[in-house]
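Okay, run-v8.txt now, which holds compact mmCIF, C-alpha atoms:
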# COMPACT_ATOMS: atom_id res chain seq x y z
CA MET A 78 5.48 -12.29 20.39
CA THR A 79 3.92 -14.49 17.70
CA HIS A 80 0.64 -14.59 19.60
CA ASP A 81 0.64 -10.78 19.80
CA LEU A 82 1.27 -10.45 16.07
CA ASP A 83 -1.53 -12.89 15.30
CA ASP A 84 -3.89 -10.86 17.47
CA ARG A 85 -2.84 -7.64 15.75
CA LEU A 86 -3.25 -9.24 12.32
CA HIS A 87 -6.73 -10.56 13.04
CA PHE A 88 -7.70 -7.17 14.44
CA ALA A 89 -6.37 -5.37 11.34
CA ILE A 90 -8.14 -7.74 8.93
CA ASP A 91 -11.48 -7.25 10.65
CA LEU A 92 -10.98 -3.49 10.89
CA ALA A 93 -9.98 -3.14 7.22
CA ARG A 94 -13.09 -5.03 6.15
CA ARG A 95 -15.36 -2.91 8.35
CA ALA A 96 -13.68 0.26 7.08
CA GLY A 97 -14.17 -1.01 3.53
CA GLU A 98 -17.90 -1.39 4.16
CA LEU A 99 -18.03 2.22 5.30
CA GLY A 100 -16.07 3.31 2.24
CA LEU A 101 -18.49 1.46 -0.03
CA LYS A 102 -21.42 3.45 1.37
CA TYR A 103 -19.74 6.64 0.17
CA PHE A 104 -18.67 5.01 -3.11
CA ARG A 105 -22.29 4.13 -3.90
CA ASP A 106 -23.40 7.72 -3.31
CA LEU A 107 -20.77 9.71 -5.19
CA ASP A 108 -23.22 12.41 -6.28
CA ASN A 109 -23.30 13.64 -2.69
CA LEU A 110 -19.59 13.24 -1.93
CA THR A 111 -17.52 16.30 -1.02
CA VAL A 112 -14.12 16.29 -2.78
CA GLU A 113 -11.18 18.69 -2.40
CA SER A 114 -7.82 19.04 -4.12
CA LYS A 115 -4.61 18.87 -2.06
CA GLY A 116 -2.42 19.49 -5.12
CA HIS A 117 -1.76 18.22 -8.62
CA GLN A 118 -3.62 14.91 -9.07
CA ASP A 119 -3.90 14.68 -5.28
CA LEU A 120 -7.50 14.53 -4.07
CA VAL A 121 -9.13 14.02 -0.69
CA SER A 122 -12.78 13.29 -0.07
CA GLU A 123 -15.15 13.29 2.86
CA ALA A 124 -14.93 9.50 2.66
CA ASP A 125 -11.14 9.52 3.17
CA ARG A 126 -11.44 11.59 6.32
CA GLU A 127 -14.40 9.74 7.82
CA VAL A 128 -13.00 6.26 7.12
CA GLU A 129 -9.69 7.26 8.68
CA LEU A 130 -11.45 8.57 11.79
CA PHE A 131 -13.33 5.27 12.01
CA ILE A 132 -10.07 3.30 11.82
CA ARG A 133 -8.32 5.56 14.33
CA ALA A 134 -11.13 5.22 16.85
CA ALA A 135 -11.02 1.42 16.64
CA ILE A 136 -7.24 1.38 17.11
CA ALA A 137 -7.41 3.80 20.03
CA GLU A 138 -9.90 1.52 21.75
CA ALA A 139 -8.05 -1.75 21.14
CA TYR A 140 -4.45 -0.47 21.43
CA PRO A 141 -4.64 2.84 23.32
CA ASP A 142 -0.89 3.12 23.93
CA ASP A 143 0.17 2.55 20.30
CA GLY A 144 1.05 5.35 17.90
CA ILE A 145 -0.94 6.11 14.74
CA VAL A 146 0.24 7.64 11.46
CA GLY A 147 -2.32 8.27 8.71
CA GLU A 148 -2.68 10.23 5.52
CA GLU A 149 -5.49 12.59 6.44
CA HIS A 150 -5.09 13.40 10.14
CA ALA A 151 -2.27 14.30 12.54
CA ALA A 152 0.02 11.62 13.91
CA VAL A 153 -0.56 10.24 17.40
CA ALA A 154 2.48 9.44 19.53
CA GLY A 155 2.56 6.12 21.38
CA THR A 156 4.61 4.54 24.13
CA THR A 157 4.82 0.88 23.08
CA GLY A 158 7.11 1.08 20.05
CA HIS A 159 4.19 0.00 17.84
CA VAL A 160 2.76 2.40 15.28
CA TRP A 161 -0.31 1.80 13.13
CA VAL A 162 0.15 3.20 9.62
CA ILE A 163 -3.09 3.71 7.71
CA ASP A 164 -4.43 4.90 4.39
CA PRO A 165 -8.24 4.91 4.56
CA ILE A 166 -8.70 5.00 0.79
CA ASP A 167 -5.69 4.45 -1.44
CA GLY A 168 -6.76 5.31 -4.96
CA THR A 169 -8.91 8.34 -4.15
CA ALA A 170 -8.73 9.59 -7.75
CA ASN A 171 -10.35 6.31 -8.80
CA PHE A 172 -12.82 6.36 -5.91
CA VAL A 173 -14.26 9.80 -6.61
CA ARG A 174 -14.70 9.01 -10.31
CA GLY A 175 -16.49 5.73 -9.74
CA ILE A 176 -13.61 3.47 -10.76
CA PRO A 177 -13.61 0.35 -8.53
CA ALA A 178 -9.86 0.20 -7.96
CA TRP A 179 -9.24 1.47 -4.43
CA CYS A 180 -8.39 -0.11 -1.11
CA VAL A 181 -8.11 0.28 2.64
CA VAL A 182 -4.54 -0.10 3.92
CA ILE A 183 -3.56 -0.90 7.49
CA ALA A 184 -0.01 -1.70 8.61
CA CYS A 185 1.49 -2.06 12.06
CA ALA A 186 5.17 -1.29 12.54
CA ARG A 187 7.45 -1.97 15.49
CA ASP A 188 10.44 0.36 15.73
CA GLY A 189 10.02 1.25 12.07
CA GLU A 190 9.79 -2.34 10.80
CA THR A 191 6.45 -3.55 9.45
CA VAL A 192 5.12 -6.54 11.36
CA VAL A 193 1.51 -6.67 10.10
CA GLY A 194 0.08 -5.64 6.75
CA VAL A 195 -3.47 -5.67 5.38
CA ILE A 196 -4.75 -4.38 2.04
CA HIS A 197 -8.50 -4.76 1.53
CA GLU A 198 -10.16 -4.09 -1.84
CA PRO A 199 -13.88 -3.69 -1.12
CA SER A 200 -15.03 -3.73 -4.74
CA THR A 201 -13.75 -7.29 -5.26
CA ASP A 202 -13.98 -8.33 -1.59
CA GLU A 203 -10.34 -9.40 -1.64
CA THR A 204 -8.27 -9.03 1.52
CA PHE A 205 -4.50 -9.41 1.19
CA TYR A 206 -2.76 -9.86 4.52
CA GLY A 207 0.28 -11.17 6.33
CA ARG A 208 2.47 -10.81 9.37
CA LEU A 209 6.22 -10.92 9.82
CA GLY A 210 7.36 -14.53 9.49
CA GLY A 211 3.86 -15.84 8.85
CA GLY A 212 3.47 -15.80 5.07
CA ALA A 213 1.05 -13.83 2.91
CA PHE A 214 -2.53 -14.63 1.93
CA VAL A 215 -5.58 -13.43 0.06
CA ASN A 216 -8.94 -14.48 1.52
CA GLY A 217 -7.28 -17.40 3.29
CA LYS A 218 -5.29 -18.65 0.30
CA PRO A 219 -1.47 -18.44 0.33
CA ILE A 220 0.01 -16.12 -2.29
CA LYS A 221 3.42 -16.19 -3.96
CA ALA A 222 5.39 -13.53 -5.79
CA SER A 223 6.27 -14.15 -9.42
CA ASN A 224 9.03 -16.61 -10.37
CA ALA A 225 9.53 -14.92 -13.75
CA ALA A 226 13.10 -14.23 -14.81
CA SER A 227 12.34 -11.94 -17.75
CA LEU A 228 10.36 -8.73 -18.08
CA SER A 229 8.70 -10.21 -21.16
CA GLU A 230 6.84 -12.68 -18.95
CA GLY A 231 4.37 -10.21 -17.46
CA SER A 232 3.62 -6.64 -16.41
CA VAL A 233 5.41 -4.32 -14.01
CA GLY A 234 3.33 -1.97 -11.88
CA THR A 235 4.51 1.63 -12.03
CA GLY A 236 3.53 4.61 -9.91
CA LEU A 237 3.79 8.39 -10.09
CA SER A 238 4.94 10.56 -7.23
CA ASN A 239 4.39 14.28 -6.66
CA ARG A 240 7.82 14.27 -5.01
CA ALA A 241 9.63 13.05 -8.12
CA ALA A 242 10.15 14.31 -11.66
CA THR A 243 7.48 13.05 -14.06
CA GLU A 244 10.02 12.39 -16.78
CA HIS A 245 11.73 9.77 -14.61
CA VAL A 246 8.82 7.34 -14.83
CA VAL A 247 8.61 7.98 -18.59
CA VAL A 248 12.23 6.86 -18.88
CA LEU A 249 11.50 3.79 -16.75
CA ILE A 250 8.51 2.77 -18.86
CA SER A 251 10.61 3.13 -22.02
CA LEU A 252 13.30 0.90 -20.54
CA ILE A 253 10.76 -1.73 -19.50
CA MET A 254 9.16 -1.79 -22.93
CA ALA A 255 12.56 -1.95 -24.64
CA GLU A 256 13.07 -5.30 -22.91
CA GLY A 257 9.74 -6.67 -24.11
CA GLY A 258 7.93 -5.79 -20.92
CA VAL A 259 4.61 -4.10 -20.26
CA PHE A 260 3.80 -1.47 -17.63
CA TYR A 261 0.64 -1.47 -15.54
CA ARG A 262 -0.88 1.38 -13.56
CA ASN A 263 -4.25 1.49 -11.80
CA ALA A 264 -3.65 4.61 -9.64
CA SER A 265 -3.52 2.66 -6.36
CA GLY A 266 0.05 1.91 -5.36
CA ALA A 267 -0.96 -0.22 -2.39
CA LEU A 268 -3.22 -2.37 -4.55
CA MET A 269 -0.46 -2.84 -7.13
CA LEU A 270 1.89 -3.93 -4.34
CA ALA A 271 -0.71 -6.52 -3.34
CA TYR A 272 -0.81 -7.68 -6.95
CA ALA A 273 2.98 -7.97 -6.96
CA ALA A 274 2.81 -10.05 -3.78
CA SER A 275 0.27 -12.37 -5.37
CA GLY A 276 2.22 -12.82 -8.62
CA ARG A 277 -0.29 -10.95 -10.76
CA LEU A 278 2.43 -8.41 -11.48
CA LEU A 279 6.14 -9.14 -11.84
CA GLY A 280 6.80 -6.32 -9.41
CA TYR A 281 5.95 -2.77 -8.49
CA VAL A 282 8.19 0.31 -8.54
CA GLU A 283 7.75 3.95 -7.60
CA GLU A 284 10.39 6.60 -7.05
CA HIS A 285 8.83 7.78 -3.81
CA MET A 286 5.93 6.50 -1.68
CA ASN A 287 4.59 7.61 1.66
CA ALA A 288 4.66 5.09 4.49
CA TRP A 289 0.89 4.60 4.57
CA ASP A 290 0.88 3.64 0.88
CA CYS A 291 3.71 1.12 0.88
CA MET A 292 4.59 -0.43 4.25
CA ALA A 293 1.81 -3.03 4.24
CA GLY A 294 2.42 -4.03 0.63
CA MET A 295 6.18 -4.31 0.97
CA LEU A 296 5.73 -6.72 3.88
CA LEU A 297 3.31 -8.80 1.80
CA VAL A 298 5.78 -9.04 -1.09
CA GLU A 299 8.50 -10.30 1.23
CA GLU A 300 6.21 -12.73 3.02
CA ALA A 301 5.11 -14.03 -0.40
CA GLY A 302 8.70 -14.93 -1.25
CA GLY A 303 9.54 -11.79 -3.20
CA THR A 304 12.21 -9.19 -2.59
CA VAL A 305 12.07 -5.47 -1.82
CA LEU A 306 14.45 -2.56 -1.63
CA LYS A 307 14.62 -2.18 2.14
CA ALA A 308 13.28 1.05 3.61
CA ASP A 309 15.20 2.85 6.34
CA PRO A 310 13.24 2.13 9.55
CA LYS A 311 14.48 5.40 11.04
CA THR A 312 13.01 7.60 8.31
CA VAL A 313 10.29 5.66 6.49
CA LEU A 314 7.42 6.79 8.72
CA GLY A 315 8.22 10.47 8.38
CA GLN A 316 9.82 10.69 4.97
CA GLY A 317 8.60 7.71 2.96
CA THR A 318 10.87 5.67 0.71
CA ARG A 319 11.76 4.57 -2.79
CA VAL A 320 9.90 1.37 -3.63
CA ILE A 321 11.31 -1.38 -5.82
CA THR A 322 9.71 -4.78 -5.34
CA GLY A 323 9.31 -8.00 -7.29
CA GLY A 324 9.92 -11.68 -7.56
CA ARG A 325 13.43 -12.66 -6.51
CA HIS A 326 14.55 -13.43 -10.07
CA ILE A 327 13.29 -10.19 -11.60
CA LEU A 328 14.24 -7.71 -8.86
CA PRO A 329 17.92 -7.29 -9.83
CA ARG A 330 16.87 -6.22 -13.32
CA LEU A 331 14.25 -3.84 -11.98
CA GLN A 332 16.83 -2.29 -9.69
CA LEU A 333 19.15 -1.60 -12.61
CA LEU A 334 16.38 -0.04 -14.68
CA CYS A 335 15.24 2.10 -11.76
CA LYS A 336 18.78 3.30 -11.15
CA SER A 337 18.98 4.38 -14.79
CA ALA A 338 15.59 6.11 -14.65
CA PHE A 339 15.58 7.56 -11.13
CA GLY A 340 19.25 7.91 -10.29
CA PRO A 341 20.95 6.48 -7.17
CA THR A 342 18.95 5.99 -3.99
CA ARG A 343 19.40 9.01 -1.74
Encoding of this model in structure tokens:
Amino acid sequence: MTHDLDDRLHFAIDLARRAGELGLKYFRDLDNLTVESKGHQDLVSEADREVELFIRAAIAEAYPDDGIVGEEHAAVAGTTGHVWVIDPIDGTANFVRGIPAWCVVIACARDGETVVGVIHEPSTDETFYGRLGGGAFVNGKPIKASNAASLSEGSVGTGLSNRAATEHVVVLISLIMAEGGVFYRNASGALMLAYAASGRLLGYVEEHMNAWDCMAGMLLVEEAGGTVLKADPKTVLGQGTRVITGGRHILPRLQLLCKSAFGPTR
């Protein structure tokens, strides 16, 4: 089993980097990029669709019997219990405006539990990756979640969800700042999860995230010694989940603040 996970991880790292190179070609030619709106502050570009097709084709060749779930194209059913969960460009709003804060996200889940996670940021050439039980790394260097015990010791990543009330995150930010903390948002939830895994952020919270945005990053946080609010493996792929992650000392406080801001977990 470990050998299989290592193979899947190495495959996902290489694929994410190759997909990132493709994404960069579009990013460097934004004047000719076709962009559409899927809803309020929810954009999709030609690059999103083409990069996802590139990733799907590589997975179908290497693991033809696995399932695939992605943001821009229909799900593919598999027969092995493994499902690849992909976001070709997380941070599309940044991407289409020339802001270099976007990433390629590839996770592999087995029966709803993430076993491999890769988040590649092409603009900085940083690849965050890990597998279940194998630790978490960035470009070959081990990473660790924050050991901070107080919100005043750093920044907390915060996200916005179209499936949640906007005022909820405003309440959360107020609560964080009231405790001497600072909020951080770069419009790429997956990238902020990678930053939480590497200790750059104290943690990352969002009332609702889709599976392709969060499954890889949540695994990285745990493998980096942090803690996460566990997603339901039976529903996360289809329905997404609430995300509360952070270093093990700070997570209990973040959970209390999120409960006050968001209400109980449904």
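From atom CA of Leu237 of chain A back to atom CA of His285 of chain A, the distance works out to 8.1 Å.
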- Message: Quick one: residues within 7 Å of Pro165 of chain A, only C-alpha atoms, excluding same-chain residues fewer than 6 positions away - as a PyMOL selection string?
- Response: chain A and resi 125+128-129+181-182
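If you look at atom CA of Gly144 of chain A and atom CA of Val195 of chain A, they are 17.3 Å away from each other.
With all atoms listed in the file as the atoms that count, the residue of A:Leu279, A:Cys185, A:Ile136, A:Ala213 with the shortest distance to Ala225 of chain A is A:Leu279.
If only C-alpha atoms are the atoms counted, then among A:Ala139, A:Met254, A:Val298, A:Ala96 the closest residue to Leu278 of chain A is A:Val298.
The space separating atom CA of Asn109 of chain A from atom CA of Ala89 of chain A comes to 29.1 Å.
Near Leu92 of chain A, within 9 Å and counting only C-alpha atoms, sit A:His87, A:Phe88, A:Ala89, A:Arg95, A:Ala96, A:Gly97, A:Ile132, A:Ala135, A:Ile136, A:Ile183; same-chain residues fewer than 3 positions away were not included.
Distances from A:Ala274, A:Val305, A:Ile166, A:Ala242 to Asp290 of chain A were compared using only C-alpha atoms, and the smallest one belongs to A:Ile166.
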- Message: Using only C-alpha atoms, which protein or nucleic acid residues come within 9 Å of Gly155 of chain A? Drop anything in the same chain fewer than 6 positions from it, and give the result as JSON, numbers by chain.
- Response: {"A": [141, 142, 143, 144, 145]}
- Compile the contact shell of segment 325-341 of chain A as a ChimeraX atom specification: residues with an atom at most 7 Å away, counting only C-alpha atoms, same-chain residues fewer than 4 positions apart removed. /A:224-227,245-246,248-249,252,284,303-304,321
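The closest residue to Leu228 of chain A, picked from A:Asp81, A:Glu138, A:Asp164, A:Glu256 and counting all atoms listed in the file, is A:Glu256.
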Residue completion, segment 122-133 of chain A, all heavy atoms, as a PDB file, keeping the file's coordinate frame:
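Output file rebuild-v9.pdb follows:
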ATOM      1  N   SER A 122     -11.326  13.227  -0.143  1.00  0.00           N
ATOM      2  CA  SER A 122     -12.780  13.290  -0.070  1.00  0.00           C
ATOM      3  C   SER A 122     -13.249  13.182   1.379  1.00  0.00           C
ATOM      4  O   SER A 122     -12.485  12.823   2.279  1.00  0.00           O
ATOM      5  CB  SER A 122     -13.413  12.172  -0.903  1.00  0.00           C
ATOM      6  OG  SER A 122     -13.261  10.923  -0.237  1.00  0.00           O
ATOM      7  N   GLU A 123     -14.515  13.490   1.553  1.00  0.00           N
ATOM      8  CA  GLU A 123     -15.150  13.290   2.860  1.00  0.00           C
ATOM      9  C   GLU A 123     -14.996  11.841   3.304  1.00  0.00           C
ATOM     10  O   GLU A 123     -14.799  11.554   4.486  1.00  0.00           O
ATOM     11  CB  GLU A 123     -16.626  13.651   2.722  1.00  0.00           C
ATOM     12  CG  GLU A 123     -17.479  13.395   3.936  1.00  0.00           C
ATOM     13  CD  GLU A 123     -18.949  13.589   3.630  1.00  0.00           C
ATOM     14  OE1 GLU A 123     -19.286  13.886   2.464  1.00  0.00           O
ATOM     15  OE2 GLU A 123     -19.757  13.442   4.560  1.00  0.00           O
ATOM     16  N   ALA A 124     -15.059  10.917   2.340  1.00  0.00           N
ATOM     17  CA  ALA A 124     -14.930   9.500   2.660  1.00  0.00           C
ATOM     18  C   ALA A 124     -13.562   9.184   3.245  1.00  0.00           C
ATOM     19  O   ALA A 124     -13.443   8.423   4.216  1.00  0.00           O
ATOM     20  CB  ALA A 124     -15.183   8.655   1.413  1.00  0.00           C
ATOM     21  N   ASP A 125     -12.490   9.751   2.648  1.00  0.00           N
ATOM     22  CA  ASP A 125     -11.140   9.520   3.170  1.00  0.00           C
ATOM     23  C   ASP A 125     -11.065   9.893   4.642  1.00  0.00           C
ATOM     24  O   ASP A 125     -10.554   9.135   5.470  1.00  0.00           O
ATOM     25  CB  ASP A 125     -10.117  10.368   2.399  1.00  0.00           C
ATOM     26  CG  ASP A 125      -9.944   9.942   0.955  1.00  0.00           C
ATOM     27  OD1 ASP A 125     -10.734  10.404   0.109  1.00  0.00           O
ATOM     28  OD2 ASP A 125      -9.038   9.148   0.670  1.00  0.00           O
ATOM     29  N   ARG A 126     -11.570  11.080   4.958  1.00  0.00           N
ATOM     30  CA  ARG A 126     -11.440  11.590   6.320  1.00  0.00           C
ATOM     31  C   ARG A 126     -12.287  10.780   7.304  1.00  0.00           C
ATOM     32  O   ARG A 126     -11.839  10.450   8.409  1.00  0.00           O
ATOM     33  CB  ARG A 126     -11.824  13.061   6.353  1.00  0.00           C
ATOM     34  CG  ARG A 126     -10.855  13.953   5.557  1.00  0.00           C
ATOM     35  CD  ARG A 126     -11.112  15.415   5.836  1.00  0.00           C
ATOM     36  NE  ARG A 126     -10.074  16.250   5.219  1.00  0.00           N
ATOM     37  CZ  ARG A 126     -10.302  17.091   4.199  1.00  0.00           C
ATOM     38  NH1 ARG A 126     -11.510  17.201   3.696  1.00  0.00           N
ATOM     39  NH2 ARG A 126      -9.314  17.810   3.695  1.00  0.00           N
ATOM     40  N   GLU A 127     -13.517  10.450   6.910  1.00  0.00           N
ATOM     41  CA  GLU A 127     -14.400   9.740   7.820  1.00  0.00           C
ATOM     42  C   GLU A 127     -13.958   8.288   8.031  1.00  0.00           C
ATOM     43  O   GLU A 127     -14.037   7.765   9.147  1.00  0.00           O
ATOM     44  CB  GLU A 127     -15.838   9.790   7.303  1.00  0.00           C
ATOM     45  CG  GLU A 127     -16.461  11.173   7.366  1.00  0.00           C
ATOM     46  CD  GLU A 127     -16.439  11.757   8.763  1.00  0.00           C
ATOM     47  OE1 GLU A 127     -16.808  11.045   9.725  1.00  0.00           O
ATOM     48  OE2 GLU A 127     -16.034  12.936   8.898  1.00  0.00           O
ATOM     49  N   VAL A 128     -13.477   7.642   6.980  1.00  0.00           N
ATOM     50  CA  VAL A 128     -13.000   6.260   7.120  1.00  0.00           C
ATOM     51  C   VAL A 128     -11.754   6.232   7.994  1.00  0.00           C
ATOM     52  O   VAL A 128     -11.586   5.345   8.834  1.00  0.00           O
ATOM     53  CB  VAL A 128     -12.738   5.617   5.743  1.00  0.00           C
ATOM     54  CG1 VAL A 128     -12.091   4.239   5.914  1.00  0.00           C
ATOM     55  CG2 VAL A 128     -14.044   5.479   4.965  1.00  0.00           C
ATOM     56  N   GLU A 129     -10.875   7.235   7.827  1.00  0.00           N
ATOM     57  CA  GLU A 129      -9.690   7.260   8.680  1.00  0.00           C
ATOM     58  C   GLU A 129     -10.064   7.485  10.145  1.00  0.00           C
ATOM     59  O   GLU A 129      -9.494   6.836  11.038  1.00  0.00           O
ATOM     60  CB  GLU A 129      -8.698   8.332   8.232  1.00  0.00           C
ATOM     61  CG  GLU A 129      -7.438   8.333   9.087  1.00  0.00           C
ATOM     62  CD  GLU A 129      -6.286   9.116   8.508  1.00  0.00           C
ATOM     63  OE1 GLU A 129      -6.074   9.069   7.282  1.00  0.00           O
ATOM     64  OE2 GLU A 129      -5.576   9.768   9.302  1.00  0.00           O
ATOM     65  N   LEU A 130     -11.010   8.352  10.409  1.00  0.00           N
ATOM     66  CA  LEU A 130     -11.450   8.570  11.790  1.00  0.00           C
ATOM     67  C   LEU A 130     -12.044   7.288  12.385  1.00  0.00           C
ATOM     68  O   LEU A 130     -11.826   6.977  13.564  1.00  0.00           O
ATOM     69  CB  LEU A 130     -12.479   9.700  11.846  1.00  0.00           C
ATOM     70  CG  LEU A 130     -11.931  11.121  11.632  1.00  0.00           C
ATOM     71  CD1 LEU A 130     -13.086  12.122  11.564  1.00  0.00           C
ATOM     72  CD2 LEU A 130     -10.945  11.510  12.725  1.00  0.00           C
ATOM     73  N   PHE A 131     -12.768   6.543  11.571  1.00  0.00           N
ATOM     74  CA  PHE A 131     -13.330   5.270  12.010  1.00  0.00           C
ATOM     75  C   PHE A 131     -12.219   4.292  12.396  1.00  0.00           C
ATOM     76  O   PHE A 131     -12.270   3.646  13.447  1.00  0.00           O
ATOM     77  CB  PHE A 131     -14.182   4.684  10.882  1.00  0.00           C
ATOM     78  CG  PHE A 131     -14.702   3.298  11.142  1.00  0.00           C
ATOM     79  CD1 PHE A 131     -15.831   3.093  11.918  1.00  0.00           C
ATOM     80  CD2 PHE A 131     -14.054   2.197  10.600  1.00  0.00           C
ATOM     81  CE1 PHE A 131     -16.305   1.803  12.160  1.00  0.00           C
ATOM     82  CE2 PHE A 131     -14.518   0.905  10.832  1.00  0.00           C
ATOM     83  CZ  PHE A 131     -15.649   0.712  11.623  1.00  0.00           C
ATOM     84  N   ILE A 132     -11.192   4.205  11.553  1.00  0.00           N
ATOM     85  CA  ILE A 132     -10.070   3.300  11.820  1.00  0.00           C
ATOM     86  C   ILE A 132      -9.316   3.743  13.066  1.00  0.00           C
ATOM     87  O   ILE A 132      -8.972   2.927  13.936  1.00  0.00           O
ATOM     88  CB  ILE A 132      -9.122   3.250  10.604  1.00  0.00           C
ATOM     89  CG1 ILE A 132      -9.827   2.612   9.399  1.00  0.00           C
ATOM     90  CG2 ILE A 132      -7.843   2.468  10.936  1.00  0.00           C
ATOM     91  CD1 ILE A 132      -9.043   2.703   8.105  1.00  0.00           C
ATOM     92  N   ARG A 133      -9.058   5.042  13.181  1.00  0.00           N
ATOM     93  CA  ARG A 133      -8.320   5.560  14.330  1.00  0.00           C
ATOM     94  C   ARG A 133      -9.059   5.285  15.640  1.00  0.00           C
ATOM     95  O   ARG A 133      -8.442   4.926  16.654  1.00  0.00           O
ATOM     96  CB  ARG A 133      -8.091   7.070  14.166  1.00  0.00           C
ATOM     97  CG  ARG A 133      -6.977   7.428  13.190  1.00  0.00           C
ATOM     98  CD  ARG A 133      -6.940   8.924  12.923  1.00  0.00           C
ATOM     99  NE  ARG A 133      -5.797   9.294  12.113  1.00  0.00           N
ATOM    100  CZ  ARG A 133      -4.662   9.806  12.590  1.00  0.00           C
ATOM    101  NH1 ARG A 133      -4.522   9.989  13.891  1.00  0.00           N
ATOM    102  NH2 ARG A 133      -3.680  10.124  11.785  1.00  0.00           N
TER     103      ARG A 133
END
